[in-house]
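Colleague: As input, take my_file_4.txt (compact mmCIF, C-alpha atoms):
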```
# COMPACT_ATOMS: atom_id res chain seq x y z
CA MET X 126 7.65 39.05 -6.35
CA VAL X 127 4.29 37.62 -7.46
CA SER X 128 5.72 36.49 -10.79
CA ARG X 129 8.62 34.76 -9.03
CA VAL X 130 6.23 32.90 -6.74
CA ALA X 131 4.06 31.93 -9.72
CA LYS X 132 7.10 30.60 -11.62
CA THR X 133 8.26 28.59 -8.62
CA VAL X 134 4.78 27.13 -8.03
CA GLY X 135 4.40 26.25 -11.72
CA PHE X 136 7.85 24.63 -11.85
CA GLN X 137 7.25 22.53 -8.73
CA PHE X 138 3.78 21.54 -9.96
CA GLY X 139 5.21 20.41 -13.30
CA ARG X 140 7.94 18.44 -11.52
CA GLY X 141 5.32 16.58 -9.52
CA VAL X 142 3.37 15.61 -12.65
CA TRP X 143 6.55 14.54 -14.44
CA ASP X 144 7.69 12.32 -11.56
CA VAL X 145 4.40 10.39 -11.78
CA VAL X 146 5.03 9.82 -15.49
CA VAL X 147 8.57 8.62 -14.74
CA GLY X 148 7.23 6.20 -12.12
CA LEU X 149 4.68 4.78 -14.57
CA ILE X 150 7.37 4.33 -17.23
CA SER X 151 9.63 2.58 -14.70
CA ILE X 152 6.88 0.09 -13.87
CA LEU X 153 5.98 -0.58 -17.52
CA LEU X 154 9.61 -1.06 -18.55
CA GLY X 155 10.18 -3.41 -15.62
CA ARG X 156 13.18 -1.59 -14.16
CA ILE X 157 12.22 -2.40 -10.57
CA ASP X 158 11.50 -6.03 -11.45
CA ALA X 159 14.80 -6.35 -13.33
CA LEU X 160 16.77 -5.06 -10.36
CA ALA X 161 14.79 -7.28 -7.96
CA GLY X 162 15.59 -10.26 -10.19
CA GLN X 163 19.29 -9.42 -10.14
CA VAL X 164 19.29 -9.17 -6.35
CA GLN X 165 17.44 -12.49 -6.07
CA LEU X 166 19.93 -14.13 -8.44
CA GLN X 167 22.86 -12.82 -6.41
CA LYS X 168 21.31 -14.21 -3.22
CA GLN X 169 20.79 -17.62 -4.86
CA ARG X 170 24.39 -17.70 -6.07
CA ALA X 171 25.66 -16.75 -2.63
CA THR X 172 23.52 -19.46 -1.03
CA GLU X 173 24.73 -22.07 -3.52
CA ALA X 174 28.33 -21.01 -2.97
CA ALA X 175 27.89 -21.34 0.78
CA ARG X 176 26.40 -24.82 0.38
CA THR X 177 29.12 -26.06 -1.98
CA PRO X 178 31.24 -28.63 -0.12
CA SER X 179 34.95 -27.96 0.01
CA THR X 180 36.25 -31.46 0.95
CA PRO X 181 35.38 -35.01 -0.20
CA GLY X 182 34.11 -35.88 3.28
CA SER X 183 31.69 -32.93 3.30
CA ARG X 184 30.48 -33.88 -0.19
CA LEU X 185 29.71 -37.40 1.00
CA LEU X 186 27.87 -36.04 4.04
CA GLN X 187 25.85 -33.65 1.88
CA ASP X 188 24.83 -36.45 -0.53
CA ARG X 189 23.71 -38.57 2.41
CA MET X 190 21.64 -35.71 3.83
CA LYS X 191 20.02 -35.12 0.43
CA LYS X 192 19.00 -38.77 0.22
CA GLN X 193 17.55 -38.63 3.74
CA ARG X 194 15.55 -35.49 2.93
CA ALA X 195 14.24 -37.03 -0.30
CA ALA X 196 13.17 -40.20 1.52
CA ALA X 197 11.45 -38.13 4.23
CA ALA X 198 9.62 -36.10 1.57
CA VAL X 199 8.40 -39.27 -0.18
CA GLN X 200 7.22 -40.70 3.12
CA SER X 201 5.33 -37.54 4.04
CA GLU X 202 3.65 -37.42 0.61
CA SER X 203 2.53 -41.04 0.98
CA ASP X 204 1.16 -40.32 4.46
CA ASP X 205 -0.71 -37.28 3.15
CA SER X 206 -2.21 -39.30 0.30
CA LEU X 207 -3.37 -42.01 2.71
CA GLU X 208 -4.98 -39.41 4.98
CA ARG X 209 -6.55 -37.68 2.01
CA HIS X 210 -8.18 -40.87 0.69
CA SER X 211 -9.25 -42.26 4.06
CA PRO X 212 -13.00 -42.11 4.91
CA ALA X 213 -12.30 -40.30 8.19
CA ALA X 214 -10.39 -37.52 6.42
CA ARG X 215 -13.26 -36.95 3.99
CA LYS X 216 -15.63 -36.36 6.88
CA GLN X 217 -13.39 -33.83 8.63
CA LEU X 218 -14.03 -30.96 6.21
CA SER X 219 -17.30 -29.92 4.65
CA PRO X 220 -17.37 -28.85 0.98
CA VAL X 221 -17.46 -25.18 1.97
CA GLU X 222 -14.53 -25.59 4.37
CA ARG X 223 -12.56 -27.54 1.74
CA PHE X 224 -13.18 -24.74 -0.76
CA LEU X 225 -12.18 -21.99 1.69
CA PHE X 226 -9.14 -23.61 3.29
CA LYS X 227 -7.76 -25.74 0.46
CA LYS X 228 -8.96 -24.67 -2.97
CA ILE X 229 -8.60 -20.90 -2.52
CA PRO X 230 -5.04 -21.02 -1.03
CA LEU X 231 -3.90 -23.42 -3.78
CA ALA X 232 -5.39 -21.19 -6.49
CA ARG X 233 -3.80 -18.10 -4.92
CA GLU X 234 -0.39 -19.81 -4.76
CA PHE X 235 -0.69 -20.93 -8.40
CA VAL X 236 -1.70 -17.47 -9.64
CA CYS X 237 0.99 -15.67 -7.64
CA ARG X 238 3.75 -18.08 -8.70
CA HIS X 239 2.98 -17.89 -12.41
CA GLY X 240 2.04 -14.21 -12.29
CA VAL X 241 5.36 -13.23 -10.74
CA ARG X 242 7.17 -15.43 -13.27
CA PHE X 243 5.58 -13.73 -16.30
CA PHE X 244 5.13 -10.16 -15.05
CA GLY X 245 7.69 -9.66 -12.30
CA GLN X 246 6.75 -9.03 -8.68
CA CYS X 247 6.19 -5.27 -8.93
CA ARG X 248 4.19 -5.35 -12.16
CA PHE X 249 2.20 -8.34 -10.94
CA SER X 250 1.22 -6.51 -7.72
CA VAL X 251 0.13 -3.46 -9.71
CA PHE X 252 -1.75 -5.65 -12.21
CA ALA X 253 -3.46 -7.63 -9.41
CA CYS X 254 -4.60 -4.40 -7.76
CA CYS X 255 -6.01 -3.10 -11.06
CA LEU X 256 -7.70 -6.45 -11.79
CA LEU X 257 -9.32 -6.57 -8.36
CA GLN X 258 -10.73 -3.06 -8.69
CA ALA X 259 -11.95 -3.84 -12.22
CA LEU X 260 -13.83 -6.82 -10.80
CA VAL X 261 -15.45 -4.58 -8.18
CA ALA X 262 -16.47 -2.10 -10.89
CA LEU X 263 -17.98 -4.83 -13.09
CA LEU X 264 -19.92 -6.29 -10.17
CA SER X 265 -21.31 -2.86 -9.34
CA PHE X 266 -22.79 -2.64 -12.84
CA ALA X 267 -24.09 -6.22 -12.80
CA THR X 268 -25.98 -5.85 -9.52
CA SER X 269 -28.43 -3.19 -10.67
CA ILE X 270 -31.85 -4.81 -10.22
CA SER X 271 -34.81 -3.51 -12.24
CA PRO X 272 -38.54 -4.33 -11.83
CA ASP X 273 -38.58 -6.06 -15.23
CA ASP X 274 -36.16 -8.78 -14.12
CA GLY X 275 -37.56 -12.26 -13.68
CA LEU X 276 -37.04 -14.56 -10.71
CA PHE X 277 -33.95 -16.25 -12.12
CA LEU X 278 -32.26 -12.99 -13.15
CA SER X 279 -33.06 -11.37 -9.82
CA THR X 280 -31.54 -14.36 -7.99
CA VAL X 281 -28.38 -14.18 -10.08
CA LYS X 282 -28.06 -10.46 -9.45
CA GLY X 283 -28.62 -11.05 -5.74
CA VAL X 284 -25.71 -13.51 -5.68
CA LEU X 285 -23.57 -11.00 -7.59
CA ALA X 286 -24.56 -8.32 -5.09
CA VAL X 287 -23.22 -10.50 -2.26
CA GLY X 288 -19.98 -10.91 -4.21
CA TYR X 289 -19.82 -7.17 -4.80
CA LEU X 290 -20.22 -6.41 -1.10
CA PHE X 291 -17.56 -8.98 -0.24
CA PHE X 292 -14.99 -7.65 -2.71
CA ARG X 293 -15.93 -4.07 -1.88
CA ALA X 294 -15.04 -4.75 1.77
CA VAL X 295 -12.02 -7.01 1.22
CA GLY X 296 -10.62 -5.25 -1.87
CA PRO X 297 -9.13 -2.21 -0.09
CA ILE X 298 -7.42 -4.48 2.45
CA ILE X 299 -5.88 -6.61 -0.32
CA CYS X 300 -4.77 -3.46 -2.16
CA ILE X 301 -3.09 -2.21 1.03
CA PHE X 302 -1.05 -5.42 1.25
CA LEU X 303 -0.19 -5.25 -2.45
CA SER X 304 0.84 -1.61 -2.06
CA GLY X 305 3.06 -2.67 0.83
CA ASP X 306 4.81 -5.19 -1.45
CA VAL X 307 5.27 -2.51 -4.10
CA SER X 308 6.63 -0.14 -1.44
CA ASN X 309 9.22 -2.68 -0.27
CA LEU X 310 10.36 -3.33 -3.84
CA ALA X 311 10.61 0.37 -4.63
CA HIS X 312 12.52 0.97 -1.38
CA ALA X 313 15.03 -1.76 -2.32
CA TYR X 314 15.28 -0.28 -5.84
CA ARG X 315 16.08 3.14 -4.41
CA ARG X 316 18.80 1.69 -2.18
CA GLN X 317 20.33 -0.35 -5.01
CA CYS X 318 20.45 2.74 -7.22
CA ASN X 319 22.35 4.60 -4.44
CA MET X 320 19.77 7.35 -4.25
CA PRO X 321 20.21 9.54 -1.14
CA THR X 322 17.73 8.57 1.55
CA ARG X 323 18.06 10.50 4.78
CA GLN X 324 17.06 8.51 7.84
CA PHE X 325 15.22 10.16 10.74
CA ARG X 326 14.96 9.12 14.38
CA ASP X 327 11.32 10.06 14.96
CA LEU X 328 10.20 6.41 14.96
CA ALA X 329 13.26 4.86 16.60
CA SER X 330 11.46 3.20 19.52
CA ILE X 331 9.39 0.03 19.14
CA SER X 332 6.18 1.60 20.46
CA ALA X 333 6.48 4.78 18.36
CA LEU X 334 5.94 3.06 15.00
CA PRO X 335 2.54 1.39 15.63
CA ALA X 336 1.28 4.47 17.50
CA ASP X 337 2.32 6.77 14.64
CA LEU X 338 0.78 4.37 12.11
CA LEU X 339 -2.61 4.40 13.85
CA VAL X 340 -2.59 8.19 14.25
CA SER X 341 -1.61 8.70 10.59
CA LEU X 342 -4.35 6.39 9.37
CA PHE X 343 -6.88 8.44 11.30
CA THR X 344 -5.33 11.66 9.97
CA LEU X 345 -5.62 10.37 6.39
CA TYR X 346 -9.26 9.50 7.05
CA LEU X 347 -9.90 13.04 8.30
CA LEU X 348 -8.10 14.44 5.25
CA GLY X 349 -10.46 12.42 3.05
CA VAL X 350 -13.44 13.82 4.95
CA GLN X 351 -12.01 17.31 4.47
CA VAL X 352 -11.76 16.70 0.72
CA VAL X 353 -15.41 15.63 0.57
CA VAL X 354 -16.52 18.68 2.59
CA LEU X 355 -14.60 21.07 0.34
CA GLN X 356 -16.51 19.67 -2.62
CA TYR X 357 -19.63 21.43 -1.34
CA VAL X 358 -18.27 24.98 -1.45
CA PRO X 359 -21.30 27.04 -2.58
CA ILE X 360 -19.43 28.61 -5.53
CA PRO X 361 -19.73 26.18 -8.50
CA PHE X 362 -16.46 26.69 -10.42
CA LEU X 363 -14.41 27.43 -7.32
CA SER X 364 -15.67 24.29 -5.57
CA SER X 365 -14.36 22.12 -8.43
CA ILE X 366 -10.91 23.75 -8.31
CA VAL X 367 -10.69 23.46 -4.54
CA TYR X 368 -11.86 19.85 -4.62
CA VAL X 369 -9.29 18.75 -7.24
CA PHE X 370 -6.53 20.65 -5.42
CA ALA X 371 -7.38 19.13 -2.02
CA HIS X 372 -7.78 15.66 -3.54
CA SER X 373 -4.35 15.98 -5.20
CA LEU X 374 -2.71 16.79 -1.87
CA TYR X 375 -4.55 13.91 -0.21
CA LEU X 376 -3.37 11.37 -2.81
CA ALA X 377 0.20 12.64 -2.63
CA SER X 378 0.14 12.46 1.18
CA TYR X 379 -1.10 8.87 1.03
CA ALA X 380 1.58 7.82 -1.48
CA PHE X 381 4.47 9.49 0.33
CA GLU X 382 3.39 7.98 3.68
CA TYR X 383 5.07 4.72 2.63
CA ARG X 384 8.39 6.30 1.76
CA TYR X 385 8.57 8.78 4.63
CA MET X 386 7.64 6.17 7.24
CA ASN X 387 10.41 3.92 5.89
CA GLN X 388 12.76 6.86 6.42
CA GLY X 389 11.67 7.09 10.06
CA MET X 390 9.77 10.39 9.80
CA GLY X 391 7.07 11.14 12.33
CA GLN X 392 3.70 12.52 11.31
CA ALA X 393 4.58 16.14 12.14
CA THR X 394 7.78 15.98 10.07
CA ARG X 395 6.01 14.35 7.13
CA TYR X 396 3.24 16.90 6.85
CA GLN X 397 5.61 19.80 7.49
CA ARG X 398 7.63 18.75 4.46
CA ILE X 399 4.49 18.40 2.32
CA GLU X 400 3.05 21.73 3.43
CA GLU X 401 6.30 23.61 2.75
CA ASN X 402 6.40 22.35 -0.86
CA TRP X 403 2.68 21.98 -1.46
CA ALA X 404 2.96 22.91 -5.15
CA TYR X 405 5.06 19.82 -5.92
CA TYR X 406 2.77 17.46 -4.05
CA ALA X 407 -0.32 19.01 -5.62
CA GLY X 408 1.18 18.31 -9.05
CA PHE X 409 2.12 14.81 -7.94
CA GLY X 410 -1.47 13.87 -7.13
CA PHE X 411 -3.07 15.99 -9.86
CA PRO X 412 -3.24 13.37 -12.70
CA LEU X 413 -5.13 10.85 -10.58
CA ALA X 414 -7.30 13.50 -8.92
CA MET X 415 -8.26 14.95 -12.30
CA LEU X 416 -9.04 11.49 -13.65
CA ALA X 417 -11.30 10.71 -10.68
CA PHE X 418 -12.99 14.11 -10.97
CA ASN X 419 -13.99 13.50 -14.60
CA ILE X 420 -15.68 10.18 -13.78
CA PRO X 421 -19.25 10.81 -12.56
CA ASN X 422 -19.70 7.38 -10.96
CA VAL X 423 -18.29 7.53 -7.41
CA ILE X 424 -17.72 3.76 -7.19
CA ILE X 425 -15.77 3.65 -10.46
CA ALA X 426 -13.74 6.71 -9.44
CA SER X 427 -12.77 5.12 -6.10
CA CYS X 428 -11.85 1.87 -7.85
CA ILE X 429 -9.59 3.71 -10.28
CA ALA X 430 -7.94 5.63 -7.43
CA SER X 431 -7.22 2.39 -5.53
CA ALA X 432 -5.93 0.68 -8.68
CA VAL X 433 -3.52 3.48 -9.64
CA MET X 434 -2.23 4.12 -6.10
CA PRO X 435 0.71 1.63 -6.43
CA VAL X 436 1.97 3.71 -9.37
CA LEU X 437 2.04 6.79 -7.14
CA ILE X 438 3.88 4.85 -4.43
CA VAL X 439 6.62 3.82 -6.88
CA SER X 440 6.81 7.39 -8.17
CA ALA X 441 7.20 8.65 -4.60
CA TYR X 442 10.26 6.45 -4.08
CA ILE X 443 12.08 7.41 -7.27
CA SER X 444 11.33 11.14 -6.97
CA GLU X 445 13.41 13.84 -5.28
CA PRO X 446 11.08 16.61 -4.02
CA ASP X 447 12.69 19.73 -2.60
CA GLU X 448 12.50 20.07 1.19
CA ASN X 449 12.22 23.86 1.25
CA VAL X 450 11.03 26.20 -1.50
CA GLU X 451 11.94 29.87 -1.32
CA ASN X 452 9.36 32.64 -1.78
CA VAL X 453 6.42 30.21 -1.51
CA PRO X 454 4.38 30.44 1.71
CA ARG X 455 3.54 27.30 3.65
CA LEU X 456 0.03 25.90 3.18
CA PRO X 457 -1.23 24.21 6.39
CA PHE X 458 -3.88 22.06 4.70
CA SER X 459 -3.48 19.27 7.27
CA ALA X 460 -3.64 21.44 10.39
CA ILE X 461 -7.23 20.62 11.42
CA PRO X 462 -7.00 16.82 10.80
CA MET X 463 -3.69 16.66 12.67
CA ILE X 464 -5.02 18.59 15.65
CA ILE X 465 -8.06 16.32 15.89
CA SER X 466 -6.11 13.05 15.50
CA GLU X 467 -3.33 14.00 17.90
CA SER X 468 -5.80 15.32 20.49
CA LEU X 469 -7.79 12.10 20.28
CA SER X 470 -4.65 9.96 20.58
CA THR X 471 -3.52 11.96 23.62
CA PHE X 472 -6.94 11.56 25.23
CA ILE X 473 -6.96 7.79 24.63
CA SER X 474 -3.40 7.35 25.91
CA ASN X 475 -4.24 9.29 29.10
CA LYS X 476 -7.33 7.14 29.65
CA LEU X 477 -5.25 3.98 29.20
CA LYS X 478 -2.64 5.27 31.64
CA ASP X 479 -5.35 5.84 34.25
CA GLN X 480 -6.27 2.15 34.01
CA ILE X 481 -2.75 1.08 35.07
CA PRO X 482 -2.70 0.05 38.76
CA GLY X 483 -0.60 2.41 40.90
CA HIS X 484 -0.27 5.06 38.18
CA HIS X 485 -1.64 7.88 40.38
CA LYS X 486 0.63 6.92 43.29
CA LEU X 487 3.66 6.99 40.97
CA ASN X 488 2.73 10.46 39.70
CA THR X 489 2.28 11.67 43.29
CA LYS X 490 5.75 10.44 44.29
CA GLN X 491 7.33 12.07 41.24
CA ASN X 492 5.65 15.37 42.00
```
What do you get writing this file as structure tokens?

Modeller:
Amino acid sequence: MVSRVAKTVGFQFGRGVWDVVVGLISILLGRIDALAGQVQLQKQRATEAARTPSTPGSRLLQDRMKKQRAAAAVQSESDDSLERHSPAARKQLSPVERFLFKKIPLAREFVCRHGVRFFGQCRFSVFACCLLQALVALLSFATSISPDDGLFLSTVKGVLAVGYLFFRAVGPIICIFLSGDVSNLAHAYRRQCNMPTRQFRDLASISALPADLLVSLFTLYLLGVQVVVLQYVPIPFLSSIVYVFAHSLYLASYAFEYRYMNQGMGQATRYQRIEENWAYYAGFGFPLAMLAFNIPNVIIASCIASAVMPVLIVSAYISEPDENVENVPRLPFSAIPMIISESLSTFISNKLKDQIPGHHKLNTKQN
């Protein structure tokens, strides 16, 4: 019995590690980008076919409309140039405002357009996430101030420290948006490949999705706190094993949140599935957890985890984990965070209901 359980756990753990490798290979080979390009090309052809005129009269009307649009575009460009070179327009924006609201959006549009053209949308999002975290890591090294630094060097490092704090705060938010783009592309790739994707009705209502999203974000935060606490188990070797194991489950839970929420799973259903096949999900998050464990610098380890997370999200979409595993007991690693988050959400919702005028009278009539 014990040997059978050990074989099942080892097999599921190995499957999880292998699926991460498959996801990384799929990103590097550009399979998701190639399929996204084919879908985009089909949409363009369908749009062009729909716009193709079928009669001579419609062709003449279309040519006339094209000329009108071109003339309107030229007129708007001339008006913009006049406004741009007028003295009043120069005084409207300060140099800082011009940099923030004009230069940065134009640079972002240029980088995204050419980056998607050369890399593909999925690979560009992954590369941008890695590049952003690499910038944060470099700034963390450059901001170390020593007593031997002169006035000029200390000033430069102070400016870099401000940049580090800015990117340290904004970087995770940007990576979340980039991970969302990767998730949408991987979801479309899974549908185009006709992979089975069972849809659930847990998040069918409009109000259920944002409520479940907020509760799951708080649950993930509590899971991260639980991982940090388990690191301080007073037994040296055992604490390292427990920490890597808990961190692996945390990373897998974070990556599969994107896929399972797209399938309409509620939080209870998601974590039930992960807890019933915990060996697979532990293997899924093990490569990144082991990499972060072997890096002594906490900032660098967190940057690497944020940079590699899009790879885990893609791997979650193209994988097929088993729902139920025989002879392996369920591991309720998320029980305490879920109890706390759901209790807090229930408490807040009850407090908000009490603020509604006439709520107590309605409850009295129903009773």

Colleague: When you count all atoms listed in the file, which of these residues is closest to X:Ile429: X:Met320, X:Ala286, X:Val307, X:Leu256?

Modeller: X:Leu256

Colleague: Mind checking which residues fall within 6 Å of stretch 411-423 of chain X, counting only C-alpha atoms, ignoring those fewer than 3 positions away in the same chain, and posting them as a PDB file with C-alpha atoms, in the frame of the given file?

Modeller:
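Produced file result.pdb, reproduced below:
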```pdb
ATOM      1  CA  VAL X 369      -9.290  18.750  -7.240  1.00  0.00           C
ATOM      2  CA  HIS X 372      -7.780  15.660  -3.540  1.00  0.00           C
ATOM      3  CA  SER X 373      -4.350  15.980  -5.200  1.00  0.00           C
ATOM      4  CA  ALA X 407      -0.320  19.010  -5.620  1.00  0.00           C
ATOM      5  CA  GLY X 408       1.180  18.310  -9.050  1.00  0.00           C
ATOM      6  CA  ALA X 426     -13.740   6.710  -9.440  1.00  0.00           C
TER       7      ALA X 426
END
```

Colleague: Give the answer as one residue: which of X:Val439, X:Val352, X:Leu328, X:Val287 has the shortest atom-to-atom distance to X:Thr394, using all atoms listed in the file?

Modeller: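 Looking only at the distances to X:Thr394, the closest residue turns out to be X:Leu328.
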
Colleague: Pick out the residues sitting within 9 Å of stretch 243-254 of chain X, and hand them over as a CSV table (one decimal) with C-alpha atoms, in the frame of the given file; count all atoms listed in the file, and ignore anything fewer than 3 positions along from it in its own chain.

Modeller:
```
chain,number,residue,atom,x,y,z
X,152,ILE,CA,6.9,0.1,-13.9
X,153,LEU,CA,6.0,-0.6,-17.5
X,155,GLY,CA,10.2,-3.4,-15.6
X,157,ILE,CA,12.2,-2.4,-10.6
X,158,ASP,CA,11.5,-6.0,-11.4
X,159,ALA,CA,14.8,-6.4,-13.3
X,161,ALA,CA,14.8,-7.3,-8.0
X,162,GLY,CA,15.6,-10.3,-10.2
X,237,CYS,CA,1.0,-15.7,-7.6
X,238,ARG,CA,3.8,-18.1,-8.7
X,239,HIS,CA,3.0,-17.9,-12.4
X,240,GLY,CA,2.0,-14.2,-12.3
X,257,LEU,CA,-9.3,-6.6,-8.4
X,258,GLN,CA,-10.7,-3.1,-8.7
X,259,ALA,CA,-12.0,-3.8,-12.2
X,296,GLY,CA,-10.6,-5.2,-1.9
X,299,ILE,CA,-5.9,-6.6,-0.3
X,300,CYS,CA,-4.8,-3.5,-2.2
X,303,LEU,CA,-0.2,-5.2,-2.4
X,304,SER,CA,0.8,-1.6,-2.1
X,306,ASP,CA,4.8,-5.2,-1.4
X,307,VAL,CA,5.3,-2.5,-4.1
X,310,LEU,CA,10.4,-3.3,-3.8
X,311,ALA,CA,10.6,0.4,-4.6
X,431,SER,CA,-7.2,2.4,-5.5
X,432,ALA,CA,-5.9,0.7,-8.7
X,433,VAL,CA,-3.5,3.5,-9.6
X,434,MET,CA,-2.2,4.1,-6.1
X,435,PRO,CA,0.7,1.6,-6.4
X,436,VAL,CA,2.0,3.7,-9.4
```

Colleague: One decimal, Å: what's the distance from atom CA of X:Ile366 over to atom CA of X:Ser440, could you say?

Modeller: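 That distance, rounded to one decimal, is 24.1 Å.
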
Colleague: So that I can look at just that part, could you write stretch 369-426 of chain X with C-alpha atoms, as a PDB file, in the first residue's frame?

Modeller:
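Result file is result.pdb:
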```pdb
ATOM      1  CA  VAL X 369      10.225  24.389  -0.729  1.00  0.00           C
ATOM      2  CA  PHE X 370       7.175  22.102  -0.693  1.00  0.00           C
ATOM      3  CA  ALA X 371       4.820  24.862   0.508  1.00  0.00           C
ATOM      4  CA  HIS X 372       6.327  27.370  -1.919  1.00  0.00           C
ATOM      5  CA  SER X 373       5.816  24.914  -4.793  1.00  0.00           C
ATOM      6  CA  LEU X 374       2.126  24.549  -3.958  1.00  0.00           C
ATOM      7  CA  TYR X 375       1.786  28.321  -3.648  1.00  0.00           C
ATOM      8  CA  LEU X 376       3.319  28.962  -7.088  1.00  0.00           C
ATOM      9  CA  ALA X 377       1.181  26.262  -8.694  1.00  0.00           C
ATOM     10  CA  SER X 378      -1.953  27.682  -7.064  1.00  0.00           C
ATOM     11  CA  TYR X 379      -1.122  31.151  -8.380  1.00  0.00           C
ATOM     12  CA  ALA X 380      -0.503  29.888 -11.934  1.00  0.00           C
ATOM     13  CA  PHE X 381      -3.615  27.722 -12.115  1.00  0.00           C
ATOM     14  CA  GLU X 382      -5.803  30.565 -10.776  1.00  0.00           C
ATOM     15  CA  TYR X 383      -5.835  32.067 -14.283  1.00  0.00           C
ATOM     16  CA  ARG X 384      -6.957  28.886 -16.001  1.00  0.00           C
ATOM     17  CA  TYR X 385      -9.462  27.725 -13.400  1.00  0.00           C
ATOM     18  CA  MET X 386     -11.105  31.147 -13.133  1.00  0.00           C
ATOM     19  CA  ASN X 387     -11.495  31.188 -16.931  1.00  0.00           C
ATOM     20  CA  GLN X 388     -13.260  27.840 -16.575  1.00  0.00           C
ATOM     21  CA  GLY X 389     -15.689  29.374 -14.078  1.00  0.00           C
ATOM     22  CA  MET X 390     -14.448  27.528 -10.979  1.00  0.00           C
ATOM     23  CA  GLY X 391     -15.074  29.042  -7.580  1.00  0.00           C
ATOM     24  CA  GLN X 392     -12.375  29.221  -4.941  1.00  0.00           C
ATOM     25  CA  ALA X 393     -13.570  26.129  -3.052  1.00  0.00           C
ATOM     26  CA  THR X 394     -13.606  24.037  -6.250  1.00  0.00           C
ATOM     27  CA  ARG X 395     -10.170  25.255  -7.307  1.00  0.00           C
ATOM     28  CA  TYR X 396      -8.425  24.436  -4.054  1.00  0.00           C
ATOM     29  CA  GLN X 397     -10.286  21.142  -3.695  1.00  0.00           C
ATOM     30  CA  ARG X 398      -8.865  20.029  -7.027  1.00  0.00           C
ATOM     31  CA  ILE X 399      -5.350  21.134  -6.047  1.00  0.00           C
ATOM     32  CA  GLU X 400      -5.501  19.480  -2.633  1.00  0.00           C
ATOM     33  CA  GLU X 401      -6.743  16.164  -4.047  1.00  0.00           C
ATOM     34  CA  ASN X 402      -3.780  15.960  -6.458  1.00  0.00           C
ATOM     35  CA  TRP X 403      -1.224  17.866  -4.410  1.00  0.00           C
ATOM     36  CA  ALA X 404       1.695  15.770  -5.702  1.00  0.00           C
ATOM     37  CA  TYR X 405       1.198  17.005  -9.275  1.00  0.00           C
ATOM     38  CA  TYR X 406       0.917  20.649  -8.259  1.00  0.00           C
ATOM     39  CA  ALA X 407       3.925  20.369  -5.960  1.00  0.00           C
ATOM     40  CA  GLY X 408       5.964  19.087  -8.907  1.00  0.00           C
ATOM     41  CA  PHE X 409       4.538  21.842 -11.101  1.00  0.00           C
ATOM     42  CA  GLY X 410       5.847  24.606  -8.847  1.00  0.00           C
ATOM     43  CA  PHE X 411       8.998  22.768  -7.733  1.00  0.00           C
ATOM     44  CA  PRO X 412      11.480  24.048 -10.410  1.00  0.00           C
ATOM     45  CA  LEU X 413      10.767  27.701  -9.658  1.00  0.00           C
ATOM     46  CA  ALA X 414      10.564  27.142  -5.892  1.00  0.00           C
ATOM     47  CA  MET X 415      13.905  25.320  -5.901  1.00  0.00           C
ATOM     48  CA  LEU X 416      15.481  28.070  -7.998  1.00  0.00           C
ATOM     49  CA  ALA X 417      14.253  30.764  -5.591  1.00  0.00           C
ATOM     50  CA  PHE X 418      15.415  28.727  -2.584  1.00  0.00           C
ATOM     51  CA  ASN X 419      18.989  28.516  -3.879  1.00  0.00           C
ATOM     52  CA  ILE X 420      19.263  32.307  -4.300  1.00  0.00           C
ATOM     53  CA  PRO X 421      20.216  33.914  -0.966  1.00  0.00           C
ATOM     54  CA  ASN X 422      19.148  37.446  -1.952  1.00  0.00           C
ATOM     55  CA  VAL X 423      15.414  37.800  -1.243  1.00  0.00           C
ATOM     56  CA  ILE X 424      14.936  40.653  -3.734  1.00  0.00           C
ATOM     57  CA  ILE X 425      16.588  38.733  -6.575  1.00  0.00           C
ATOM     58  CA  ALA X 426      14.598  35.599  -5.718  1.00  0.00           C
TER      59      ALA X 426
END
```
